[in-house]
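Heads up, the thing below is written out as structure tokens.
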Amino acid sequence: MTEIETRDVLAVNALSVAFADRDAPTAPPRTVVDGVDFHLGHGRVLALVGESGSGKSVTAMSVLGLLPANARVEGSIRLEGRELVGADAATVRAVRGGRIGTIFQEPMSAFNPVLTLGAQIAEAIVTHHPRLRRREVRARSLELLESVGIAEPLRIARSHPHELSGGQLQRSMIAMAISSDPIALIADEPTTALDVTVQAGILDLIRSLRDDRGTAVLLITHDMGVVADLADDVVVMRSGHVEERESSPALFAAPQAGYTRELLRAVPRLGETAARLRSSEPLPAELSAAAEVRAARIEYGGGWGRPAVVAVESATFAIRPGRTLGLVGESGSGKSTLGRAFAGLVPVRSGEVLVGGIDLARASRRELRELRSAIGYVFQDPASSLDPRWTVGDAIAEPLRLGSDKTPRERRARVLELLDAVRLSESHLERFPHELSGGQRQRVAIARAIALHPSLLIADEPTSALDVSVQARVLDLLADLQREFGFACLFVSHDLAVVQELAHEVAVMRAGRIVELGPTERVLSAPDSPYTRRLLAAAPVADPAQQAARRRAWRGLAAEADPAAGDGDAA
Amino acid sequence: MSTTATTIDLEAVPARKTGARAALRKLLRDRAAAASAVTILLFVLAAACAPWLTGITGQDPYAYHVDLLDGSGVPLGFGGGVSATHWFGVEPLTGRDLFSIVVYGARTSLLIGVAATAVSVVIGVVVGITTGFVGGWYDRIASRGVDVLFGFPVLVFLIALTTIAPSWLPRPLFIVLIIGLFGWPGISRIVRAQVLVLRERSFVAASTAMGAPARHVMAAHVLPNVSATIIVVSTILVPGMIGVEAALSFLGVGVVPPTPSWGRTLGDAIGWVQTDPLYLVFPGLALFIITLAFNVFGDGLRDALDPRGGRR
Amino acid sequence: MRMLRFAGVRVLGAIVVLLLITVLTYAVFYLLPANPAQLSCGRPCTPENLRRAAEFMGTDLPWWQQLLEFLRGIVLGRDFGSGAAAVHCAAPCFGYSFQQNASVTELILSRFPVTASIAIGAAVLWLVTGVAGGVASGMRPGSVVDRGVMMVSIAGVSAPVYLVGLLAILLFGFVLRWLPTGGYIPFATDPVQWFAHLLLPWCTLAFTTAAVYARLTRGQMIETLGEDYIRTARAKGLRESRVVVRHGLRNAILPVVTVFGLDLGTLLGGTVIVERVFSMQGLGALLVTGVSVVDLQLVVGFTLFSAFLIIVSNVVIDVVNGVVDPRAKATA
């Protein structure tokens with residue numbers, strides 16, 4: 001026991017966190033973390049994994065004492081043998097940024113917008129080394145920025161956060177976190193807000209901190225791929241409890257807890273051959289496309305001497321009835337813009353967008369209205385895709401009221417039919433969106449989208465805001481509905497693994513252009529474009545052994561693409 | 001905490017306490033807000049029943065009682081002539097009943113305040129929703145105009161405008177119109193800001209994608225979602241409008257005699273501060289209390305409708 | 001370079017706005033009324049003044065010539081009338097008061113020190129107390145300090161300026177006899193008396209507006225302290241005081257500065273009332289006198305002058321904001 005304690009950097013025992021209700025101080029506090037134990041060893045990466053509401057972030061923040069004032073923490077958190085629960089303010093401050101560095105999820109909002117990055121990093125150094133001279137602090141800041149793979153440390157140090165990309169900011173955040181050579185790092189979803197190619201670089205950087213400096217890392221994540229890539233040990237959490245505690249290879253090889261098995265099963269895997277969800281009945285060859293785009297160009301802004309920003313250029317592809325085309329790309333690639341163009345939400349500058357053979361850009365007002373009832377649209381964020389003041393029934397009936405001349409009685413019958421189709425019950429009819437879970441809301445949005453029997457369904461990242469287990473069920477539903485109703489589907493996503501499950505064809509977009517288009521199997525197994533290859537290699541899979549091989553492949557590709565490897569995410 | 005913001009799919013999510021009924025319950029629990037509501041009601045009642053109230057002592061705000069004044073025009077007796085027939089005393093120089101003036105003044109203040117608010121809210125909401133929703137050049141030009149108007153020395157303009165008041169328009173109506181026409185930029189800015197946020201919400205895009213005309217989207221999705229804000233801002237606008245009318249009357253350019261107005265009485269009170277301080281206190285308190293009541297009620301309303309609170 | 005461009009765009013925009021306001025104001029005051037000469041001649045309106053006003057203003061000319069003449073006066077100055085009776089009105093000429101036989105610009109300049117003394121002192125006082133109160137209560141919402149500040153401030157928001165002023169005169173002037181009850185002594189004449197006469201007007205004007213700023217600052221402070229970068233600052237191990245001041249206040253103050261720019265107009269309106277309460281002969285008194293004797297030239301000139309003043313100040317504040325907030329330039 002003593003031996004373990006000396007090797008442990010961080011020991012958490014019987015940790016419980018409860019929040020008092022501010023509005024009702026007499027009510028019993030709500031427990032969100034209940035009796036959590038784990039030990040973080042020197043030079044190890046321990047992943048706290050769980051879906052939303054599992055208490056993983058609260059656990060991590062309690063180590064730093066960064067919980068809101070109404071939180072009550074019980075149990076023991078020991079850093080290098082010293083107790084942190086109930087420690088005085090000076091001790092806690094010395095730990096924060098001194099012994100433990102922290103990396104947060106949203107690099108864009110985690111930096112103070114009105115100060116330069118250099119000033120913010122210098123502040124962290126000065127706090128823990130008050131006697132350093134100004135010049136020394138500056139030199140140290142630049143050195144740190146360089147050590148995290150920033151190519152132009154001087155320029156970055158002089159920049160304000162809004163002038164930099166997510167990857168640059170997250171690297172700077174890491175530089176700040178390691179400024180006092182901490183013994184441990186807390187990384188709270190460090191790559192969730194980043195694109196996969198950027199994510200791969202950041203994960204590599206964190207790994208090198210562990211290997212070169214012996215820094216222990218407490219990694220908080222919901223992504224099993226990230227866990228497989230980086231973690232040595234894993235703690236699986238669910239609603240405040242620890243479900244399973246195991247070394248990473250053992251956990252992925254033979255998960256013990258039922259919940260872990262369920263979680264791993266729900267993760268879509270890249271490269272696994274059989275696509276579970278795609279319909280594979282052959283289509284008659286002569287069947288014409290349900291939706292098509294030809295040489296489309298979409299621009300934003302412009303006018304008054306300012307050049308327009310080209311969002312999409314010379315995009316061409318077609319989707320046949322009953323088939324799904326996966327439109328894949330990173331943020332800013334123009335994939336969502338192209339999706340919106342199919343619904344007539346953004347104008348096309350040149351080229352054609354055809355749905356059912358009619359060009360949206362040239363359609364008359366009446367044609368357009370008819371056309372719109374042939375298009376269903378499912379949006380990304382279930383929290384905002386439903387009007388908070390409309391009941392589920394009203395929301396689903398909206399397209400019926402706008403695009404059909406059904407009587408109220410007929411509408412109600414159709415709404416019930418649709419609720420059934422998306423596996424919701426009549427009891428949901430009178431509920432408001434805030435009384436539904438995210439997955440249920442997305443089901444309602446899908447019901448609304450298919451209400452008028454569309455020939456094209458556009459799904460814009462429909463599951464990216466959902467937990468994996470919920471995501472799996474929503475994807476199942478989409479596939480079932482397609483089989484039943486035979487609509488063509490444009491599935492916009494950043495996640496290759498999800499696209500692989502659902503899409504018959506894949507189009508890969510980068511910087512407004514389609515760089516690769518073809519059948520899913522071919523594109524994902526033998527991509528032509530080097531960008532697709534990098535994208536594929538960067539996506540982590542939930543298997544440590546496989547992921548280690550993929551990582552080596554990714555490094556080779558990244559070095560090839562960009563000599564200043566790692567900083568391949570210029571603003 | 002994390003981007004994944006959901007629980008397991010078919011699990012029931014407990015109903016959060018929102019909606020009009022919950023807001024009302026919360027409002028009633030807020031003691032300050034409830035007291036303010038009662039105060040506002042009392043003032044409205046007093047204004048509505050002004051002839052009956054002043055009839056109790058047989059007074060009206062127009063009759064002179066010079067017999068109650070000393071040689072220099074100061075009311076005789078304690079506290080500016082407070083008595084069983086003149087509850088608040090009488091006006092210096094004329095001897096008119098101060099209680100009647102205050103009660104009838106409530107009519108002037110409330111009517112002008114509410115009417116001017118209505119004018120401002122209608123203009124402000126229409127401009128705010130259309131600029132926020134339509135965007136483009138219309139928004140850029142209109143919003144720039146709103147910004148300019150918002151930063152204007154409005155009181156100076158209002159004072160100046162009274163010089164060209166047309167004689168065929170009743171003075172109170174003229175005051176309502178000019179106050180209302182200059183009072184809407186604030187509400188327009190707030191509504192526009194909310195609409196800009198709403199416009200980015202997917203349900204608005206969804207409705208457009210379903211083929212809904214802009215009119216429908218604004219009326220069915222945008223307006224209901226800004227209604228809470230509109231109610232709160234209107235509540236807080238009323239005392240502001242009452243204050244502007246009183247300020248104009250205080251400076252002698254607002255409501256003209258003999259129509260009773262708290263502001264004008266306060267303006268007249270400048271010369272009597274030393275000799276008859278209570279002449280200032282009664283209408284001043286009335287103005288202060290109704291303004292305070294509206295402000296506290298508005299605050300309570302905002303807290304009840306927006307659980308995050310503390311925002312402007 | 002970017003800063004220069006930003007400032008240039010703002011100045012250009014302001015010039016366009018000024019031109020528009022001038023035309024609008026001119027239209028409202030000189031074209032809407034049936035007989036602007038009648039309104040310009042003052043009250044009592046002597047036939048002599050009326051004749052001069054009509055002749056000088058050229059009311060028989062087409063409206064666009066009158067407007068051009070008016071605009072020319074602002075930029076280059078103009079002559080009213082012709083021959084021996086002509087009076088010159090130097091640029092910037094906002095009009096000519098036939099009642100007082102002086103150009104509006106001269107009249108305004110002669111009164112300006114009084115109003116500036118009131119306005120600047122009050123603004124400093126309200127900014128300091130309002131922001132301080134807002135920070136104190138925003139740091140710990142729900143605490144005793146917060147409740148206290150919020151109670152005082154909602155009373156302040158609700159109290160009309162003139163009521164506060166009159167009560168202050170009653171208490172400090174007549175009952176306690178600590179301070180003079182009104183009037184203005186120029187700084188050059190007697191700095192101590194200048195200060196003594198201004199203290200009550202300052203406090204009166206500042207009290208009501210400071211309340212608004214306390215509420216605004218509190219809201220901003222609460223919002224800012226909930227931002228992600230505040231958590232980052234704490235995670236760096238900074239002292240709470242430094243977190244609050246350097247990361248919280250620094251960001252929370254930006255909207256307050258913007259609102260201050262927008263409140264300059266309110267400030268001017270406030271001084272009109274305060275001058276009346278404390279019988280000071282400043283700009284407000286000039287305006288109210290002008291309105292009561294129906295001196296349209298004076299009223300219009302004054303209105304335009306105040307609009308110009310506000311818009312120019314707003315450009316200054318915009319540019320200052322651009323310096324303080326690096327994000328502002330990006331959206332120019």
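We name chains A, B, ... following the order of the structure tokens; residues begin at 1 in each chain, and ligands are numbered from 1 as shown.
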Determine, for each residue of region 203-267 of chain C having at least one atom at most 9 Å from an atom of region 316-326 of chain C, the closest pair of atoms and their separation in Å to one decimal, counting only C-alpha atoms; order by chain and ascending number, as a Markdown table.
| residue | atom | partner | partner_atom | distance |
| --- | --- | --- | --- | --- |
| C:Asn251 | CA | C:Asp325 | CA | 8.6 |
| C:Leu254 | CA | C:Asn321 | CA | 7.3 |
| C:Val257 | CA | C:Asn321 | CA | 7.4 |
| C:Thr258 | CA | C:Ile317 | CA | 7.3 |
| C:Phe260 | CA | C:Ile317 | CA | 8.6 |
| C:Gly261 | CA | C:Ile317 | CA | 6.0 |
How close does chain C get to chain B? List, as CSV, each residue of chain C within 8 Å, its nearest atom pair and the distance in Å to one decimal, counting only C-alpha atoms.
residue,atom,partner,partner_atom,distance
C:Val17,CA,B:Val148,CA,7.9
C:Phe29,CA,B:Ile164,CA,7.1
C:Pro33,CA,B:Ile164,CA,6.5
C:Ile154,CA,B:Leu292,CA,7.2
C:Ala155,CA,B:Leu292,CA,6.5
C:Val157,CA,B:Leu292,CA,7.9
C:Ser158,CA,B:Leu292,CA,4.9
C:Ala159,CA,B:Phe288,CA,5.4
C:Pro160,CA,B:Gly243,CA,6.8
C:Tyr162,CA,B:Leu266,CA,8.0
C:Leu163,CA,B:Gly284,CA,6.1
C:Leu166,CA,B:Ile270,CA,7.0
C:Ile169,CA,B:Val273,CA,7.9
C:Leu170,CA,B:Val273,CA,6.2
C:Phe174,CA,B:Gln274,CA,6.4
C:Leu216,CA,B:Arg312,CA,6.8
C:Arg218,CA,B:Gly310,CA,7.7
C:Gly219,CA,B:Gly310,CA,5.0
C:Gln220,CA,B:Arg311,CA,7.5
C:Ile222,CA,B:Gly310,CA,7.5
C:Gly261,CA,B:Gly151,CA,7.4
C:Leu262,CA,B:Gly151,CA,4.3
C:Asp263,CA,B:Gly151,CA,6.4
C:Leu264,CA,B:Gly151,CA,7.1
C:Gly265,CA,B:Pro153,CA,3.7
C:Thr266,CA,B:Pro153,CA,5.7
C:Leu267,CA,B:Pro153,CA,7.9
C:Leu268,CA,B:Pro153,CA,6.3
C:Gly269,CA,B:Leu155,CA,5.1
C:Ile273,CA,B:Leu251,CA,7.2
C:Arg276,CA,B:Leu251,CA,7.4
C:Val277,CA,B:Ile270,CA,6.8
C:Leu287,CA,B:Ala160,CA,7.7
C:Val288,CA,B:Leu251,CA,7.2
C:Val291,CA,B:Thr163,CA,5.8
C:Ser292,CA,B:Val253,CA,7.7
C:Val294,CA,B:Thr163,CA,6.1
C:Leu296,CA,B:Thr163,CA,7.3
C:Val299,CA,B:Ala160,CA,5.8
C:Val300,CA,B:Ala160,CA,7.1
C:Thr303,CA,B:Phe157,CA,6.3
C:Ser306,CA,B:Pro153,CA,6.9
C:Ala307,CA,B:Phe152,CA,6.5
C:Ile310,CA,B:Phe152,CA,6.9
C:Ile311,CA,B:Val148,CA,7.8
Do me a favour and pick out the residues of chain A within 8 Å of chain C, using only C-alpha atoms, as a short mmCIF file (atom, residue, chain, number, x, y, z; two decimals) with N, CA and C atoms, in the first residue's frame.
data_model
loop_
_atom_site.label_atom_id
_atom_site.label_comp_id
_atom_site.auth_asym_id
_atom_site.auth_seq_id
_atom_site.Cartn_x
_atom_site.Cartn_y
_atom_site.Cartn_z
N LEU A 64 -9.22 20.52 -8.66
CA LEU A 64 -8.66 21.86 -8.64
C LEU A 64 -9.45 22.82 -7.76
N LEU A 66 -12.37 23.91 -8.44
CA LEU A 66 -12.98 24.89 -9.36
C LEU A 66 -14.48 24.70 -9.51
N VAL A 92 -4.22 25.65 -2.42
CA VAL A 92 -4.93 25.33 -3.65
C VAL A 92 -4.37 26.14 -4.81
N ARG A 93 -4.06 27.42 -4.55
CA ARG A 93 -3.52 28.26 -5.63
C ARG A 93 -2.16 27.76 -6.10
N ALA A 94 -1.35 27.28 -5.14
CA ALA A 94 -0.03 26.77 -5.53
C ALA A 94 -0.17 25.52 -6.40
N VAL A 95 -1.22 24.74 -6.14
CA VAL A 95 -1.45 23.53 -6.94
C VAL A 95 -1.93 23.90 -8.34
N ARG A 96 -2.90 24.81 -8.39
CA ARG A 96 -3.46 25.23 -9.69
C ARG A 96 -2.37 25.90 -10.53
N GLY A 97 -2.10 25.33 -11.66
CA GLY A 97 -1.11 25.94 -12.54
C GLY A 97 0.31 25.68 -12.11
N GLY A 98 0.51 25.30 -10.83
CA GLY A 98 1.86 25.01 -10.35
C GLY A 98 2.15 23.52 -10.45
N GLY A 101 -1.42 21.35 -14.26
CA GLY A 101 -1.81 22.23 -15.37
C GLY A 101 -3.15 21.76 -15.92
N THR A 102 -3.90 22.68 -16.54
CA THR A 102 -5.22 22.31 -17.02
C THR A 102 -5.43 22.72 -18.47
N PHE A 104 -8.60 23.03 -21.26
CA PHE A 104 -10.05 22.99 -21.32
C PHE A 104 -10.56 22.64 -22.70
N SER A 109 -13.04 29.91 -26.18
CA SER A 109 -13.59 30.70 -25.08
C SER A 109 -12.74 30.59 -23.81
N ALA A 110 -11.73 29.72 -23.83
CA ALA A 110 -10.94 29.54 -22.62
C ALA A 110 -9.85 30.59 -22.47
N PHE A 111 -9.60 31.38 -23.52
CA PHE A 111 -8.64 32.48 -23.39
C PHE A 111 -9.39 33.80 -23.25
N ASN A 112 -8.82 34.70 -22.48
CA ASN A 112 -9.39 36.04 -22.32
C ASN A 112 -9.29 36.78 -23.66
N PRO A 113 -10.42 37.22 -24.21
CA PRO A 113 -10.40 37.79 -25.57
C PRO A 113 -9.64 39.11 -25.70
N VAL A 114 -9.44 39.84 -24.61
CA VAL A 114 -8.83 41.17 -24.77
C VAL A 114 -7.33 41.17 -24.46
N ALA A 124 0.73 33.25 -16.22
CA ALA A 124 0.81 31.95 -15.55
C ALA A 124 2.22 31.72 -14.99
N THR A 127 2.93 34.08 -11.91
CA THR A 127 2.19 33.70 -10.71
C THR A 127 2.96 32.69 -9.87
N HIS A 128 3.62 31.76 -10.56
CA HIS A 128 4.31 30.71 -9.81
C HIS A 128 5.81 30.96 -9.69
N HIS A 160 -4.11 38.10 -30.47
CA HIS A 160 -5.27 37.93 -29.59
C HIS A 160 -5.99 36.65 -30.01
N HIS A 162 -8.93 35.80 -30.97
CA HIS A 162 -9.81 35.72 -32.14
C HIS A 162 -9.04 35.68 -33.45
N ALA A 177 -0.34 25.47 -19.75
CA ALA A 177 -0.56 24.46 -18.71
C ALA A 177 0.75 23.88 -18.20
#
For region 242-254 of chain A: contacts at 8 Å, only C-alpha atoms, fewer than 5 positions along chain excluded, given as a PDB file with N, CA, C and O atoms, in the first residue's frame:
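Result went into result13.pdb, see below:
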ATOM      1  N   VAL A  36     -16.403   8.076  -5.770  1.00  0.00           N
ATOM      2  CA  VAL A  36     -15.488   7.731  -6.856  1.00  0.00           C
ATOM      3  C   VAL A  36     -14.073   7.531  -6.315  1.00  0.00           C
ATOM      4  O   VAL A  36     -13.591   8.320  -5.500  1.00  0.00           O
ATOM      5  N   ASP A  37     -13.417   6.453  -6.732  1.00  0.00           N
ATOM      6  CA  ASP A  37     -12.020   6.184  -6.372  1.00  0.00           C
ATOM      7  C   ASP A  37     -11.196   6.033  -7.639  1.00  0.00           C
ATOM      8  O   ASP A  37     -11.642   5.393  -8.582  1.00  0.00           O
ATOM      9  N   VAL A 227      -9.705   7.614 -26.131  1.00  0.00           N
ATOM     10  CA  VAL A 227      -9.227   6.780 -25.030  1.00  0.00           C
ATOM     11  C   VAL A 227      -8.251   5.739 -25.565  1.00  0.00           C
ATOM     12  O   VAL A 227      -7.151   5.562 -25.033  1.00  0.00           O
ATOM     13  N   ALA A 228      -8.666   5.070 -26.636  1.00  0.00           N
ATOM     14  CA  ALA A 228      -7.813   4.024 -27.200  1.00  0.00           C
ATOM     15  C   ALA A 228      -6.480   4.586 -27.666  1.00  0.00           C
ATOM     16  O   ALA A 228      -5.445   3.931 -27.601  1.00  0.00           O
ATOM     17  N   ALA A 231      -4.896   6.627 -23.668  1.00  0.00           N
ATOM     18  CA  ALA A 231      -4.952   6.266 -22.254  1.00  0.00           C
ATOM     19  C   ALA A 231      -4.141   5.012 -21.927  1.00  0.00           C
ATOM     20  O   ALA A 231      -4.022   4.092 -22.734  1.00  0.00           O
ATOM     21  N   ASP A 232      -3.551   5.000 -20.709  1.00  0.00           N
ATOM     22  CA  ASP A 232      -2.945   3.794 -20.159  1.00  0.00           C
ATOM     23  C   ASP A 232      -3.964   3.059 -19.299  1.00  0.00           C
ATOM     24  O   ASP A 232      -4.033   1.840 -19.305  1.00  0.00           O
ATOM     25  N   ASP A 233      -4.706   3.862 -18.524  1.00  0.00           N
ATOM     26  CA  ASP A 233      -5.720   3.283 -17.644  1.00  0.00           C
ATOM     27  C   ASP A 233      -7.050   3.980 -17.910  1.00  0.00           C
ATOM     28  O   ASP A 233      -7.074   5.129 -18.323  1.00  0.00           O
ATOM     29  N   VAL A 234      -8.126   3.265 -17.645  1.00  0.00           N
ATOM     30  CA  VAL A 234      -9.446   3.823 -17.937  1.00  0.00           C
ATOM     31  C   VAL A 234     -10.360   3.645 -16.738  1.00  0.00           C
ATOM     32  O   VAL A 234     -10.360   2.594 -16.101  1.00  0.00           O
ATOM     33  N   VAL A 235     -11.108   4.714 -16.424  1.00  0.00           N
ATOM     34  CA  VAL A 235     -12.176   4.622 -15.435  1.00  0.00           C
ATOM     35  C   VAL A 235     -13.467   4.977 -16.163  1.00  0.00           C
ATOM     36  O   VAL A 235     -13.584   6.059 -16.710  1.00  0.00           O
ATOM     37  N   VAL A 236     -14.394   4.024 -16.212  1.00  0.00           N
ATOM     38  CA  VAL A 236     -15.661   4.282 -16.897  1.00  0.00           C
ATOM     39  C   VAL A 236     -16.678   4.755 -15.870  1.00  0.00           C
ATOM     40  O   VAL A 236     -16.893   4.102 -14.851  1.00  0.00           O
ATOM     41  N   MET A 237     -17.266   5.910 -16.127  1.00  0.00           N
ATOM     42  CA  MET A 237     -18.233   6.471 -15.174  1.00  0.00           C
ATOM     43  C   MET A 237     -19.619   6.533 -15.793  1.00  0.00           C
ATOM     44  O   MET A 237     -19.788   6.687 -16.990  1.00  0.00           O
ATOM     45  N   TYR A 259     -22.282  -2.056 -18.857  1.00  0.00           N
ATOM     46  CA  TYR A 259     -22.391  -0.721 -19.437  1.00  0.00           C
ATOM     47  C   TYR A 259     -21.242  -0.442 -20.393  1.00  0.00           C
ATOM     48  O   TYR A 259     -21.421   0.107 -21.470  1.00  0.00           O
ATOM     49  N   THR A 260     -20.022  -0.854 -20.012  1.00  0.00           N
ATOM     50  CA  THR A 260     -18.866  -0.646 -20.891  1.00  0.00           C
ATOM     51  C   THR A 260     -19.059  -1.382 -22.206  1.00  0.00           C
ATOM     52  O   THR A 260     -18.783  -0.856 -23.278  1.00  0.00           O
ATOM     53  N   ALA A 542     -11.681   2.826 -31.729  1.00  0.00           N
ATOM     54  CA  ALA A 542     -11.756   2.363 -30.352  1.00  0.00           C
ATOM     55  C   ALA A 542     -11.087   1.006 -30.187  1.00  0.00           C
ATOM     56  O   ALA A 542     -11.709   0.023 -29.833  1.00  0.00           O
ATOM     57  N   ASP A 543      -9.799   0.949 -30.461  1.00  0.00           N
ATOM     58  CA  ASP A 543      -9.031  -0.275 -30.279  1.00  0.00           C
ATOM     59  C   ASP A 543      -7.566   0.112 -30.161  1.00  0.00           C
ATOM     60  O   ASP A 543      -6.965   0.555 -31.140  1.00  0.00           O
ATOM     61  N   PRO A 544      -6.971  -0.041 -28.983  1.00  0.00           N
ATOM     62  CA  PRO A 544      -5.624   0.496 -28.734  1.00  0.00           C
ATOM     63  C   PRO A 544      -4.581  -0.054 -29.708  1.00  0.00           C
ATOM     64  O   PRO A 544      -3.763   0.704 -30.234  1.00  0.00           O
ATOM     65  N   ALA A 545      -4.628  -1.360 -29.988  1.00  0.00           N
ATOM     66  CA  ALA A 545      -3.595  -1.947 -30.846  1.00  0.00           C
ATOM     67  C   ALA A 545      -3.717  -1.402 -32.268  1.00  0.00           C
ATOM     68  O   ALA A 545      -2.751  -0.927 -32.859  1.00  0.00           O
TER      69      ALA A 545
END
Determine which residues of chain A sit within 7 Å of chain B, taking into account only C-alpha atoms, and present them as a list of chain:residue names. A:Ser52, A:Ser57, A:Ala343, A:Gly344, A:Leu345, A:Arg369, A:Arg372, A:Ser373, A:Tyr377, A:Phe379, A:Ser384, A:Ser385, A:Leu386, A:Asp387, A:Pro399, A:Leu402, A:His434, A:Glu435, A:Leu436, A:Ser437, A:Gly438, A:Gly439, A:Gln440, A:Ala465, A:Leu466, A:Asp467, A:Val470
Please identify all polymer residues within 12 Å of Gly71 (chain B), counting only C-alpha atoms, omitting same-chain residues fewer than 4 positions from it, and present them as a CSV table (one decimal) with N, CA, C and O atoms, in the first residue's frame.
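Result saved to selection-v4.csv:
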chain,number,residue,atom,x,y,z
B,66,VAL,N,-58.3,81.1,-1.9
B,66,VAL,CA,-57.3,82.1,-1.5
B,66,VAL,C,-57.4,82.4,0.0
B,66,VAL,O,-56.4,82.8,0.6
B,67,ASP,N,-58.6,82.0,0.5
B,67,ASP,CA,-58.8,82.3,2.0
B,67,ASP,C,-57.9,81.4,2.8
B,67,ASP,O,-57.7,81.7,4.0
B,75,PRO,N,-49.6,78.7,2.2
B,75,PRO,CA,-50.8,78.1,2.9
B,75,PRO,C,-50.7,78.3,4.4
B,75,PRO,O,-49.7,78.1,5.0
B,76,LEU,N,-51.9,78.6,5.0
B,76,LEU,CA,-51.9,78.7,6.4
B,76,LEU,C,-52.0,77.4,7.1
B,76,LEU,O,-52.5,76.4,6.5
B,92,PRO,N,-49.7,76.5,-2.8
B,92,PRO,CA,-49.4,77.9,-2.5
B,92,PRO,C,-49.9,78.8,-3.6
B,92,PRO,O,-50.0,78.4,-4.8
B,93,LEU,N,-50.1,80.1,-3.3
B,93,LEU,CA,-50.5,81.1,-4.3
B,93,LEU,C,-52.0,81.0,-4.8
B,93,LEU,O,-52.6,82.0,-5.0
B,94,THR,N,-52.5,79.7,-4.9
B,94,THR,CA,-53.8,79.6,-5.4
B,94,THR,C,-54.8,79.0,-4.4
B,94,THR,O,-56.0,79.2,-4.5
If I take CA of Ser493 (chain A) and CA of Pro268 (chain A), how far is one from the other in Å, to one decimal? 13.3 Å
So which bits of region 296-485 of chain A end up strand (DSSP E) when you DSSP the backbone, as a ChimeraX atom specification? /A:296-300,309-319,324-329,350-355,358-359,375-378,456-460
Going by DSSP on the backbone, which bits of region 63-104 of chain B are alpha helix (DSSP H)? Write them as a PyMOL selection string, please. chain B and resi 98-104
Export, as a JSON list (two decimals), in the first residue's frame, the selected residues with C-alpha atoms.
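Okay, part27.json is ready:
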[["chain", "number", "residue", "atom", "x", "y", "z"],
["B", 98, "LEU", "CA", -53.31, 69.34, -3.40],
["B", 99, "PHE", "CA", -54.90, 65.92, -2.88],
["B", 100, "SER", "CA", -57.12, 66.48, -5.90],
["B", 101, "ILE", "CA", -54.15, 67.65, -7.92],
["B", 102, "VAL", "CA", -52.17, 64.52, -7.01],
["B", 103, "VAL", "CA", -55.06, 62.15, -7.72],
["B", 104, "TYR", "CA", -55.99, 63.79, -11.02]]
Atomic distance CA of Asp97 (chain B) - CA of Ala84 (chain B), expressed in Å with one decimal: 11.6 Å
Which residues come within 12 Å of Gly13 (chain C), counting only C-alpha atoms, excluding same-chain residues fewer than 3 positions away, as a list of chain:residue names?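 So, after excluding close chain neighbours, the residues are B:Ile141, B:Arg144, B:Gly145, B:Val148, C:Phe6, C:Ala7, C:Gly8, C:Val9, C:Arg10, C:Val16, C:Val17, C:Leu18, C:Leu19, C:Leu20, C:Ile311, C:Val312, C:Asn314, C:Val315, C:Asp318, C:Ala332.
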Those selected residues, please, written with C-alpha atoms and delivered as a compact mmCIF listing (two decimals), in the first residue's frame.
# COMPACT_ATOMS: atom_id res chain seq x y z
CA ILE B 141 -29.38 51.43 -42.50
CA ARG B 144 -27.60 52.77 -37.80
CA GLY B 145 -30.56 55.13 -37.55
CA VAL B 148 -28.07 57.45 -33.70
CA PHE C 6 -11.32 52.00 -38.43
CA ALA C 7 -11.24 55.61 -37.24
CA GLY C 8 -11.65 56.87 -40.82
CA VAL C 9 -14.76 54.77 -41.41
CA ARG C 10 -16.28 56.01 -38.17
CA VAL C 16 -23.10 61.45 -43.19
CA VAL C 17 -25.22 61.20 -40.06
CA LEU C 18 -24.62 64.85 -39.21
CA LEU C 19 -25.72 65.93 -42.66
CA LEU C 20 -28.87 63.82 -42.45
CA ILE C 311 -22.22 62.43 -32.36
CA VAL C 312 -18.68 63.73 -32.21
CA ASN C 314 -19.60 59.04 -29.84
CA VAL C 315 -16.98 58.82 -32.54
CA ASP C 318 -15.95 54.35 -30.53
CA ALA C 332 -15.53 47.63 -38.48
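Ranking A:Ala266, A:Ala27, A:Leu219, A:Val378 by their shortest atom-to-atom distance to Thr192 (chain A), with only C-alpha atoms included, puts A:Leu219 first.
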Would you mind listing what lies within 12 Å of Asp528 (chain A) as number ranges by chain, with only C-alpha atoms counted and same-chain residues fewer than 3 positions away left out? A: 508, 515-518, 522-525, 531-534, 536
